[in-house]
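Raw run_16.txt, compact mmCIF, C-alpha atoms and all ligand atoms:
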```txt
# COMPACT_ATOMS: atom_id res chain seq x y z
CA MET V 1 139.63 6.71 121.87
CA GLU V 2 137.16 7.78 124.51
CA TYR V 3 138.49 9.41 127.69
CA ASP V 4 137.41 11.33 130.79
CA VAL V 5 139.35 14.38 131.95
CA ILE V 6 139.79 15.38 135.59
CA ILE V 7 140.15 19.15 135.89
CA PRO V 8 141.43 20.22 139.32
CA ALA V 9 139.88 23.63 140.07
CA ALA V 10 139.74 23.56 143.87
CA GLY V 11 142.80 25.72 144.59
CA SER V 12 142.86 29.08 146.32
CA GLY V 13 145.16 30.98 143.98
CA THR V 14 147.43 32.15 146.79
CA ARG V 15 150.29 33.16 144.48
CA MET V 16 147.92 35.17 142.28
CA GLY V 17 146.94 37.19 145.31
CA ALA V 18 143.54 38.16 143.91
CA GLY V 19 141.72 37.31 147.14
CA LYS V 20 139.74 34.59 145.35
CA ASN V 21 140.18 31.45 143.28
CA LYS V 22 142.24 32.66 140.28
CA LEU V 23 140.17 30.44 137.95
CA LEU V 24 137.28 32.86 138.42
CA LEU V 25 139.34 35.81 137.14
CA GLU V 26 138.32 36.86 133.64
CA LEU V 27 140.16 36.73 130.33
CA ASN V 28 138.22 38.23 127.42
CA GLU V 29 135.30 38.70 129.83
CA ARG V 30 135.02 35.03 130.68
CA PRO V 31 136.39 33.21 133.72
CA ILE V 32 139.64 31.33 133.08
CA ILE V 33 138.02 28.00 133.96
CA LEU V 34 135.49 28.39 131.13
CA HIS V 35 138.30 28.79 128.59
CA THR V 36 139.76 25.50 129.83
CA LEU V 37 136.41 23.68 129.82
CA GLU V 38 135.64 24.83 126.29
CA VAL V 39 138.74 23.11 124.91
CA PHE V 40 137.58 19.72 126.17
CA ALA V 41 133.94 20.47 125.46
CA GLY V 42 134.90 20.60 121.78
CA GLU V 43 136.66 17.24 121.86
CA PRO V 44 134.34 14.48 120.61
CA ASP V 45 136.45 11.81 122.34
CA CYS V 46 136.11 13.49 125.74
CA SER V 47 133.09 11.86 127.37
CA LYS V 48 133.18 13.57 130.76
CA MET V 49 134.81 16.62 132.33
CA ILE V 50 135.19 15.97 136.04
CA VAL V 51 135.69 19.39 137.57
CA VAL V 52 137.10 19.26 141.09
CA ILE V 53 135.89 22.22 143.13
CA GLN V 54 135.67 23.55 146.66
CA PRO V 55 132.22 22.98 148.25
CA LYS V 56 131.89 26.71 148.98
CA GLU V 57 132.28 27.47 145.25
CA GLU V 58 129.84 24.87 143.96
CA LYS V 59 127.06 27.38 143.36
CA ILE V 60 129.37 29.70 141.38
CA PHE V 61 130.67 26.87 139.18
CA ARG V 62 127.20 25.47 138.55
CA GLU V 63 125.74 28.86 137.69
CA MET V 64 128.64 29.57 135.35
CA THR V 65 128.07 26.42 133.35
CA VAL V 66 124.31 25.91 133.55
CA GLY V 67 122.74 25.98 130.09
CA SER V 68 126.10 25.63 128.35
CA PRO V 69 126.19 23.29 125.33
CA TYR V 70 128.51 20.98 127.27
CA GLU V 71 126.50 20.85 130.50
CA LYS V 72 125.77 17.13 130.00
CA LYS V 73 129.48 16.36 129.91
CA LEU V 74 130.13 18.00 133.29
CA ALA V 75 130.47 16.36 136.68
CA PHE V 76 131.41 18.24 139.85
CA VAL V 77 133.39 16.61 142.64
CA TYR V 78 134.72 18.14 145.85
CA GLY V 79 138.46 18.68 146.18
CA GLY V 80 140.89 18.23 149.05
CA ALA V 81 143.62 20.21 150.81
CA GLU V 82 146.30 19.51 148.18
CA ARG V 83 146.01 19.18 144.42
CA GLN V 84 146.84 15.48 144.70
CA HIS V 85 143.88 14.94 147.04
CA SER V 86 141.65 16.77 144.59
CA VAL V 87 142.73 14.51 141.73
CA TYR V 88 142.26 11.44 143.96
CA ASN V 89 138.65 12.48 144.58
CA GLY V 90 138.17 13.10 140.87
CA LEU V 91 139.38 9.60 140.03
CA LYS V 92 136.35 8.11 141.78
CA ALA V 93 134.12 9.61 139.09
CA VAL V 94 136.04 8.31 136.06
CA SER V 95 134.17 5.81 133.91
CA THR V 96 136.47 5.37 130.89
CA GLY V 97 139.60 3.25 130.41
CA ILE V 98 141.75 6.30 129.65
CA VAL V 99 141.94 9.29 131.99
CA LEU V 100 143.51 12.70 131.52
CA VAL V 101 144.34 15.15 134.28
CA HIS V 102 144.50 18.78 133.22
CA ASP V 103 144.93 21.86 135.43
CA GLY V 104 142.01 24.27 135.30
CA ALA V 105 144.69 26.97 135.25
CA ARG V 106 146.02 25.95 131.78
CA PRO V 107 143.42 27.32 129.34
CA PHE V 108 145.72 27.30 126.28
CA ILE V 109 146.23 23.58 125.73
CA ARG V 110 146.01 22.68 122.04
CA ARG V 111 143.95 19.85 120.62
CA PRO V 112 146.76 18.07 118.68
CA VAL V 113 148.69 17.65 121.95
CA ILE V 114 145.62 16.16 123.64
CA LYS V 115 145.20 13.71 120.77
CA GLN V 116 148.83 12.60 120.91
CA LEU V 117 148.65 12.14 124.68
CA VAL V 118 145.57 9.97 124.40
CA SER V 119 147.11 7.81 121.65
CA GLU V 120 150.30 7.34 123.62
CA ALA V 121 148.43 6.47 126.83
CA VAL V 122 146.45 3.85 124.91
CA ARG V 123 149.66 2.45 123.41
CA SER V 124 152.05 2.53 126.36
CA GLY V 125 150.03 3.42 129.48
CA ALA V 126 151.27 6.89 130.46
CA ALA V 127 152.08 10.13 128.63
CA ILE V 128 152.70 13.70 129.76
CA ALA V 129 152.88 17.06 128.00
CA ALA V 130 156.17 18.93 128.33
CA VAL V 131 158.48 21.41 126.59
CA PRO V 132 162.29 21.41 126.41
CA VAL V 133 163.91 23.65 129.03
CA LYS V 134 165.13 26.88 127.38
CA ASP V 135 167.10 28.46 130.20
CA THR V 136 170.38 27.35 131.70
CA ILE V 137 169.58 25.64 134.97
CA LYS V 138 171.98 25.67 137.90
CA GLN V 139 171.78 23.90 141.19
CA ALA V 140 172.64 26.10 144.18
CA VAL V 141 172.81 25.95 147.94
CA ASP V 142 172.42 29.18 149.94
CA HIS V 143 172.64 31.23 146.72
CA GLU V 144 175.95 29.59 145.82
CA VAL V 145 176.23 27.62 142.60
CA VAL V 146 176.94 23.93 143.00
CA GLN V 147 176.71 22.91 139.36
CA THR V 148 175.14 23.48 135.97
CA ILE V 149 172.69 20.77 134.99
CA ASP V 150 172.93 19.47 131.43
CA ARG V 151 169.93 21.11 129.82
CA SER V 152 169.73 18.77 126.86
CA SER V 153 167.95 16.13 128.94
CA LEU V 154 165.61 18.46 130.82
CA TRP V 155 161.89 18.99 130.17
CA GLN V 156 159.51 21.43 131.76
CA VAL V 157 156.42 19.43 132.56
CA GLN V 158 152.84 20.58 132.01
CA THR V 159 149.42 19.02 131.93
CA PRO V 160 147.55 17.19 130.45
CA GLN V 161 148.93 13.95 131.77
CA ALA V 162 147.23 10.85 130.34
CA PHE V 163 147.04 7.32 131.73
CA ARG V 164 145.33 4.01 131.41
CA LEU V 165 142.96 4.22 134.37
CA PRO V 166 144.37 1.34 136.50
CA ILE V 167 147.88 2.81 136.28
CA LEU V 168 146.81 6.14 137.75
CA GLN V 169 144.47 4.52 140.28
CA GLN V 170 147.19 2.21 141.57
CA ALA V 171 149.74 5.05 141.74
CA HIS V 172 147.32 7.18 143.75
CA GLU V 173 146.43 4.33 146.13
CA TRP V 174 150.15 3.65 146.60
CA ALA V 175 150.88 7.34 147.32
CA ARG V 176 148.01 7.51 149.76
CA ALA V 177 149.21 4.42 151.65
CA GLU V 178 152.81 5.75 151.73
CA GLY V 179 151.83 9.32 152.59
CA TYR V 180 153.71 10.46 149.47
CA LEU V 181 152.81 13.86 148.06
CA GLY V 182 153.96 14.63 144.52
CA THR V 183 153.56 17.76 142.41
CA ASP V 184 152.07 15.96 139.43
CA GLU V 185 150.42 12.61 138.59
CA ALA V 186 153.44 11.27 136.74
CA SER V 187 155.63 11.63 139.83
CA LEU V 188 153.37 9.16 141.65
CA VAL V 189 153.59 6.71 138.76
CA GLU V 190 157.40 7.21 138.66
CA LYS V 191 157.78 6.56 142.38
CA LYS V 192 155.69 3.46 142.18
CA GLY V 193 158.17 2.30 139.66
CA ASP V 194 157.09 -0.18 137.05
CA ILE V 195 155.74 1.95 134.17
CA SER V 196 157.66 4.07 131.69
CA ILE V 197 156.17 7.51 131.03
CA LYS V 198 156.36 9.01 127.55
CA ILE V 199 156.80 12.71 126.88
CA ILE V 200 154.72 14.45 124.22
CA LYS V 201 156.23 17.74 123.11
CA SER V 202 153.71 20.46 123.88
CA ASP V 203 153.68 24.24 123.31
CA TYR V 204 155.42 26.98 125.28
CA ASP V 205 152.16 28.89 125.43
CA ASN V 206 150.41 26.14 127.44
CA ILE V 207 151.19 28.20 130.54
CA LYS V 208 149.77 27.63 133.98
CA ILE V 209 148.27 30.91 135.12
CA THR V 210 149.90 31.23 138.52
CA THR V 211 151.16 34.74 139.34
CA PRO V 212 149.79 38.18 138.32
CA GLU V 213 152.19 38.62 135.37
CA ASP V 214 150.79 35.41 133.85
CA LEU V 215 147.59 37.37 133.18
CA TYR V 216 149.55 39.66 130.84
CA PHE V 217 151.02 36.65 129.04
CA ALA V 218 147.55 35.11 128.86
CA ARG V 219 146.07 38.23 127.24
CA ALA V 220 148.92 38.30 124.73
CA ILE V 221 148.35 34.62 123.86
CA LEU V 222 144.62 35.23 123.35
CA GLU V 223 145.32 38.23 121.15
CA LYS V 224 147.82 36.30 119.03
CA ARG V 225 145.36 33.43 118.57
CA ALA V 226 142.55 35.79 117.65
CA GLN V 227 144.80 37.27 114.92
CA LEU V 228 145.71 33.81 113.63
CA ASP V 229 142.06 32.69 113.59
CA GLY V 230 140.66 35.86 112.18
N1 LIG Q 301 144.02 22.64 142.79
C1 LIG Q 301 143.02 21.78 143.28
N2 LIG Q 301 143.00 21.46 144.62
C2 LIG Q 301 143.93 21.95 145.46
C3 LIG Q 301 144.94 22.80 144.97
C4 LIG Q 301 144.97 23.13 143.61
O1 LIG Q 301 142.16 21.34 142.54
N3 LIG Q 301 143.86 21.63 146.75
C5 LIG Q 301 144.01 23.00 141.35
C6 LIG Q 301 144.02 24.50 141.08
O2 LIG Q 301 142.68 25.02 141.11
C7 LIG Q 301 144.68 24.60 139.72
C8 LIG Q 301 145.58 23.37 139.65
O3 LIG Q 301 145.19 22.52 140.74
O4 LIG Q 301 143.77 24.54 138.64
C9 LIG Q 301 147.05 23.75 139.74
O5 LIG Q 301 147.32 24.32 141.01
P1 LIG Q 301 147.95 25.76 141.25
O6 LIG Q 301 148.35 26.38 139.98
O7 LIG Q 301 148.94 25.62 142.35
O8 LIG Q 301 146.67 26.60 141.77
P2 LIG Q 301 146.33 27.09 143.23
O9 LIG Q 301 146.66 26.00 144.21
O10 LIG Q 301 144.95 27.63 143.20
O11 LIG Q 301 147.35 28.31 143.41
P3 LIG Q 301 148.36 28.57 144.63
O12 LIG Q 301 149.24 27.34 144.74
O13 LIG Q 301 149.10 29.80 144.24
O14 LIG Q 301 147.49 28.75 145.86
MG MG Q 302 148.71 25.29 144.43
```
Can you give me the file's structure in the form of structure tokens?
Amino acid sequence: MEYDVIIPAAGSGTRMGAGKNKLLLELNERPIILHTLEVFAGEPDCSKMIVVIQPKEEKIFREMTVGSPYEKKLAFVYGGAERQHSVYNGLKAVSTGIVLVHDGARPFIRRPVIKQLVSEAVRSGAAIAAVPVKDTIKQAVDHEVVQTIDRSSLWQVQTPQAFRLPILQQAHEWARAEGYLGTDEASLVEKKGDISIKIIKSDYDNIKITTPEDLYFARAILEKRAQLDG
């Protein structure tokens, strides 16, 4: 089933502390964002990659992708102050019935997960990638334990998150009217209430590159994949 993907890439990378947008940092001599784009570029069902960028970085992003085999699939849209605003702006450019949102900072997403997300969104309306929580999780106040949360029901949520377009549009319009700011798309759909969201089990290596040590993990993941492929 045909879909468009919104790729938020308009962050500043504050926690990475590189003094620039972390998506422009290189892995295997290519900017992180290109690794992410190449996954969707190779997906025949992906009709458009809507990359949400900061206006001041437009030239850099365009120059990076000009002449690429997937140039025709690309659309650039300007982002907002928060990730949610960036995705909202991206939604205006969607022209398919199914939409995915995928962080530019997650270059290791695997195709089978994307396919399952799309199928589930077609079937039930909303699906998100996640992995079971591995660690013991405790709730605390002022560094004092309040309780241990039952891990068996907990999932660590990633992107992509996939939706039938009207579901995500309505959730975003609702959040905008209410002034609600969530940390992912599904939380807006949850708050709005009426749709159940399915979880698709993803991979632990679909990391979001966030802090400097994630670059070490990222290099290790690339190396492992190169060994498996080669
Ligand atoms: N993002 C965006 N618009 C924003 C903020 C974030 O498009 N206003 C994007 C980022 O570029 C990233 C994704 O959303 O691909 C996930 O955000 P995050 O990992 O938090 O990246 P940054 O916001 O850049 O990092 P930080 O929070 O450390 O500043
Ligand atoms: Mg951020």
Would you name the residues within 9 Å of ligand LIG 301 (chain Q), counting all atoms listed in the file, and put them as a PDB file with C-alpha atoms, in the coordinates of the input?
```pdb
ATOM      1  CA  ILE V   7     140.150  19.150 135.890  1.00  0.00           C
ATOM      2  CA  PRO V   8     141.430  20.220 139.320  1.00  0.00           C
ATOM      3  CA  ALA V   9     139.880  23.630 140.070  1.00  0.00           C
ATOM      4  CA  ALA V  10     139.740  23.560 143.870  1.00  0.00           C
ATOM      5  CA  GLY V  11     142.800  25.720 144.590  1.00  0.00           C
ATOM      6  CA  SER V  12     142.860  29.080 146.320  1.00  0.00           C
ATOM      7  CA  GLY V  13     145.160  30.980 143.980  1.00  0.00           C
ATOM      8  CA  THR V  14     147.430  32.150 146.790  1.00  0.00           C
ATOM      9  CA  ARG V  15     150.290  33.160 144.480  1.00  0.00           C
ATOM     10  CA  MET V  16     147.920  35.170 142.280  1.00  0.00           C
ATOM     11  CA  GLY V  17     146.940  37.190 145.310  1.00  0.00           C
ATOM     12  CA  LYS V  20     139.740  34.590 145.350  1.00  0.00           C
ATOM     13  CA  ASN V  21     140.180  31.450 143.280  1.00  0.00           C
ATOM     14  CA  LYS V  22     142.240  32.660 140.280  1.00  0.00           C
ATOM     15  CA  LEU V  23     140.170  30.440 137.950  1.00  0.00           C
ATOM     16  CA  ILE V  33     138.020  28.000 133.960  1.00  0.00           C
ATOM     17  CA  VAL V  51     135.690  19.390 137.570  1.00  0.00           C
ATOM     18  CA  VAL V  52     137.100  19.260 141.090  1.00  0.00           C
ATOM     19  CA  ILE V  53     135.890  22.220 143.130  1.00  0.00           C
ATOM     20  CA  GLN V  54     135.670  23.550 146.660  1.00  0.00           C
ATOM     21  CA  TYR V  78     134.720  18.140 145.850  1.00  0.00           C
ATOM     22  CA  GLY V  79     138.460  18.680 146.180  1.00  0.00           C
ATOM     23  CA  GLY V  80     140.890  18.230 149.050  1.00  0.00           C
ATOM     24  CA  ALA V  81     143.620  20.210 150.810  1.00  0.00           C
ATOM     25  CA  GLU V  82     146.300  19.510 148.180  1.00  0.00           C
ATOM     26  CA  ARG V  83     146.010  19.180 144.420  1.00  0.00           C
ATOM     27  CA  GLN V  84     146.840  15.480 144.700  1.00  0.00           C
ATOM     28  CA  HIS V  85     143.880  14.940 147.040  1.00  0.00           C
ATOM     29  CA  SER V  86     141.650  16.770 144.590  1.00  0.00           C
ATOM     30  CA  VAL V  87     142.730  14.510 141.730  1.00  0.00           C
ATOM     31  CA  HIS V 102     144.500  18.780 133.220  1.00  0.00           C
ATOM     32  CA  ASP V 103     144.930  21.860 135.430  1.00  0.00           C
ATOM     33  CA  GLY V 104     142.010  24.270 135.300  1.00  0.00           C
ATOM     34  CA  ALA V 105     144.690  26.970 135.250  1.00  0.00           C
ATOM     35  CA  ARG V 106     146.020  25.950 131.780  1.00  0.00           C
ATOM     36  CA  LYS V 208     149.770  27.630 133.980  1.00  0.00           C
ATOM     37  CA  ILE V 209     148.270  30.910 135.120  1.00  0.00           C
ATOM     38  CA  THR V 210     149.900  31.230 138.520  1.00  0.00           C
ATOM     39  CA  THR V 211     151.160  34.740 139.340  1.00  0.00           C
TER      40      THR V 211
END
```
- Given the choices V:Thr183, V:Leu188, V:Pro69, V:Arg219, which gets closest to ligand MG 302 (chain Q) if the distance is worked out from all atoms listed in the file?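 Counting all atoms listed in the file, the residue closest to ligand MG 302 (chain Q) is V:Thr183.
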- Message: Can you measure CA of Asp229 (chain V) to CA of Ala127 (chain V) for me? One decimal in Å is fine.
- Response: 28.9 Å
- Can you list, as a list of chain:residue names, every protein, DNA or RNA residue that comes within 12 Å of Arg225 (chain V) when you count all atoms listed in the file, leaving out same-chain residues fewer than 6 positions away? V:Phe108, V:Arg110, V:Asp205, V:Ala218, V:Arg219
- Nearby residues, (155.8, -0.7, 127.7) file frame, 12 Å, all atoms listed in the file, as a PyMOL selection string: chain V and resi 120-127+194-198
- Task: Find the residue from V:Gly67, V:Gly182, V:Gly230, V:Pro160 that sits nearest to ligand MG 302 (chain Q); use all atoms listed in the file when measuring.
- Result: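 Result for the nearest residue to ligand MG 302 (chain Q): V:Gly182.
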- Query: For ligand MG 302 (chain Q), which residue among V:Leu154, V:Pro55, V:Gln170, V:Asp184 is the nearest when counting only C-alpha atoms and all ligand atoms?
  - Reply: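 Answer, going by the shortest atom-to-atom distance: V:Asp184.
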